[in-house]
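The block underneath contains the structure these notes are about, expressed in structure tokens.
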Number of protein chains: 2
Amino acid sequence: MGHTEPVTTPAPKGRRGRPPRGSATLSRDRVIEAALALVDEEGLDQISMRKIAQRLRVDPMSLYNHVADKDDVLDGIAEALLAGIPAPPADGTPRERMEGVARGFRAAMLAHPRAAPTVLTRQIGSSAGLAPLAAAVAPLLDAGCPPEQAVHALRAALGFLVGTLMREVEASPSFGTDPAAGGRRRRTLEAAALPSLTAIAPHLAVCDHEAEFEYGLDLVLTAIERTLPG
Amino acid sequence: MGHTEPVTTPAPKGRRGRPPRGSATLSRDRVIEAALALVDEEGLDQISMRKIAQRLRVDPMSLYNHVADKDDVLDGIAEALLAGIPAPPADGTPRERMEGVARGFRAAMLAHPRAAPTVLTRQIGSSAGLAPLAAAVAPLLDAGCPPEQAVHALRAALGFLVGTLMREVEASPSFGTDPAAGGRRRRTLEAAALPSLTAIAPHLAVCDHEAEFEYGLDLVLTAIERTLPG
DNA sequence: GACTTTATACCTACGCTGTAGATCTCGACA
DNA sequence: TGTCGAGATCTACAGCGTAGGTATAAAGTC
């Protein structure tokens, strides 16, 4: 019960000014780390500059010494997630290498599902995503694919990845996956008048994300493979 | 210059209570229509209950007689967009019919690009999306595709659609499309150290969304077609 | 050592947000 | 005519992002 504080007081009881040398100082990385932890726990829409500051036991305005604004924090979170993509193996068939990048990307997003939309739903201004991008094109170019076509293929594949991962992290339309898990009033697909829907309804009700991902990835990569010369 | 009002006053100068018979009354549809118009003009992140009310010349709290909360408004916008998908032709090859649904979906989203994320980035609790869904599966089932596989194909295709449209409406990672258009500090892909990137950089700089969409759609639908029996 | 500069922390305050709760006023039904 | 309830307004609150100001100690300069 020791000392009692007004509960809203940050921490070092109002000591102002530059912190003395020994003390743990703030930094952009610490801010973003705290923000990410908060997102993991409470969700993207629940974070606020004030809560981040509270977690760091610091005044909210102090954050602005290390971060431009809230948007900058979200950018930082996105960078952190992208940095979590493992470097893919440089050997193997082109197909295997592309699968490696795709799976690495997926794994990085699923490591922080609630934060994933920072990557999937924003323009990323950072260069953190360039390495995986390069790793994804390289196999195509190595296989003799003309650059222009490689870009087409890349965009198609990225489209699939983004859309599919959005569904996995429940940030996207999903029709019937996981009843009761979705927000609010998830109605039970009364479908009725639409015969083709009643035919597939039972299969819509289940969704093994991993299997679904692999199915689609195979579809897309096979299609891309077929456009390669030779 | 007639009558001057404090500018923040809604409209009928504070008349309280149930509106007299002749006057135009509020309704859920009117609220959502106004909200959609506002999103079209100012963007999703700029709308607020207060601005919607102002546009309707009504007190902010009046909206709550017709709408549960702000989230409900966004749901309504999503429904409105989905309702804009034209009914696809019921004849033609399976391929043509699926293309029809996909293009209709795209057209409906591009009709309100700034509102599109309400559809693309939320779980939709409404049945407004069921008709297009049914229209998309029907060709597969008609072609003898087993229901389970049809669902896999559907999910893969939807993933591609969502991801690609997110990029088109600039709500998603896009690497280098349309320089200067993107938010804030769109850096010029200094890439440098990554040779495979410098090889494709010029092609990353241009992006014809329509062509890109058709390329990917062809890729995906061809792949799906190949899994059909016969 | 003394003086200045600079980085970093805190504090106050503003305008905006979503919305709970109370109040008023009319049309509709008894 | 009396009562009721739907639908509008008004007031108010807690929370948000952040502009602007102030204090303090470290680092740089002589």
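We name chains A, B, ... following the order of the structure tokens; residues begin at 1 in each chain, and ligands are numbered from 1 as shown.
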
Quick one: which residues from chain D are at most 6 Å off chain B, using only C-alpha atoms (C1' of nucleotides), as a PDB file with N, CA and C atoms (P, O5', C5', C4', C3', O3' and C1' of nucleotides), in the first residue's frame?
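Result saved to selection.pdb:
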```pdb
ATOM      1  P    DG D   7     -40.838   7.108 -34.927  1.00  0.00           P
ATOM      2  O5'  DG D   7     -40.344   8.601 -34.744  1.00  0.00           O
ATOM      3  C5'  DG D   7     -41.155   9.665 -35.213  1.00  0.00           C
ATOM      4  C4'  DG D   7     -40.559  10.968 -34.754  1.00  0.00           C
ATOM      5  C3'  DG D   7     -39.043  11.082 -34.990  1.00  0.00           C
ATOM      6  O3'  DG D   7     -38.760  12.356 -35.527  1.00  0.00           O
ATOM      7  C1'  DG D   7     -39.548  11.579 -32.766  1.00  0.00           C
ATOM      8  P    DA D   8     -37.402  12.501 -36.427  1.00  0.00           P
ATOM      9  O5'  DA D   8     -36.624  13.714 -35.730  1.00  0.00           O
ATOM     10  C5'  DA D   8     -37.026  15.058 -35.918  1.00  0.00           C
ATOM     11  C4'  DA D   8     -37.087  15.825 -34.606  1.00  0.00           C
ATOM     12  C3'  DA D   8     -35.766  16.294 -34.023  1.00  0.00           C
ATOM     13  O3'  DA D   8     -35.348  17.491 -34.661  1.00  0.00           O
ATOM     14  C1'  DA D   8     -37.323  15.627 -32.332  1.00  0.00           C
ATOM     15  P    DT D   9     -33.860  17.991 -34.425  1.00  0.00           P
ATOM     16  O5'  DT D   9     -33.934  18.595 -32.940  1.00  0.00           O
ATOM     17  C5'  DT D   9     -34.769  19.716 -32.673  1.00  0.00           C
ATOM     18  C4'  DT D   9     -34.695  20.051 -31.186  1.00  0.00           C
ATOM     19  C3'  DT D   9     -33.330  20.563 -30.734  1.00  0.00           C
ATOM     20  O3'  DT D   9     -33.522  21.771 -30.022  1.00  0.00           O
ATOM     21  C1'  DT D   9     -34.028  18.753 -29.352  1.00  0.00           C
TER      22       DT D   9
END
```

Counting only C-alpha atoms (C1' of nucleotides), which residues of chain C fall within 7 Å of chain A, and what is the closest atom pair for each with its distance in Å at one decimal, ordered by chain and rising number, as JSON lines?
```
{"residue": "C:DT8", "atom": "C1'", "partner": "A:Arg18", "partner_atom": "CA", "distance": 4.6}
{"residue": "C:DA9", "atom": "C1'", "partner": "A:Gly17", "partner_atom": "CA", "distance": 4.3}
{"residue": "C:DC10", "atom": "C1'", "partner": "A:Arg16", "partner_atom": "CA", "distance": 5.0}
```

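Across the structure, atom CA of A:Gln46 and atom CA of B:Leu38 are spaced 24.8 Å apart.
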
> When the cut-off is 6 Å and we count only C-alpha atoms, which residues of chain A are near chain B, given as a ChimeraX atom specification?
Replying inline: /A:120-125,134,138,147-148,156,159-160,162-164,171-173,186,196-197,200,203,216,219,223

>> Taking only stretch 39-146 of chain A into account, list the residues labelled alpha helix (DSSP H) by DSSP (computed from the backbone), as a PyMOL selection string.
In response: chain A and resi 39-42+49-55+70-83+94-110+117-120+130-142
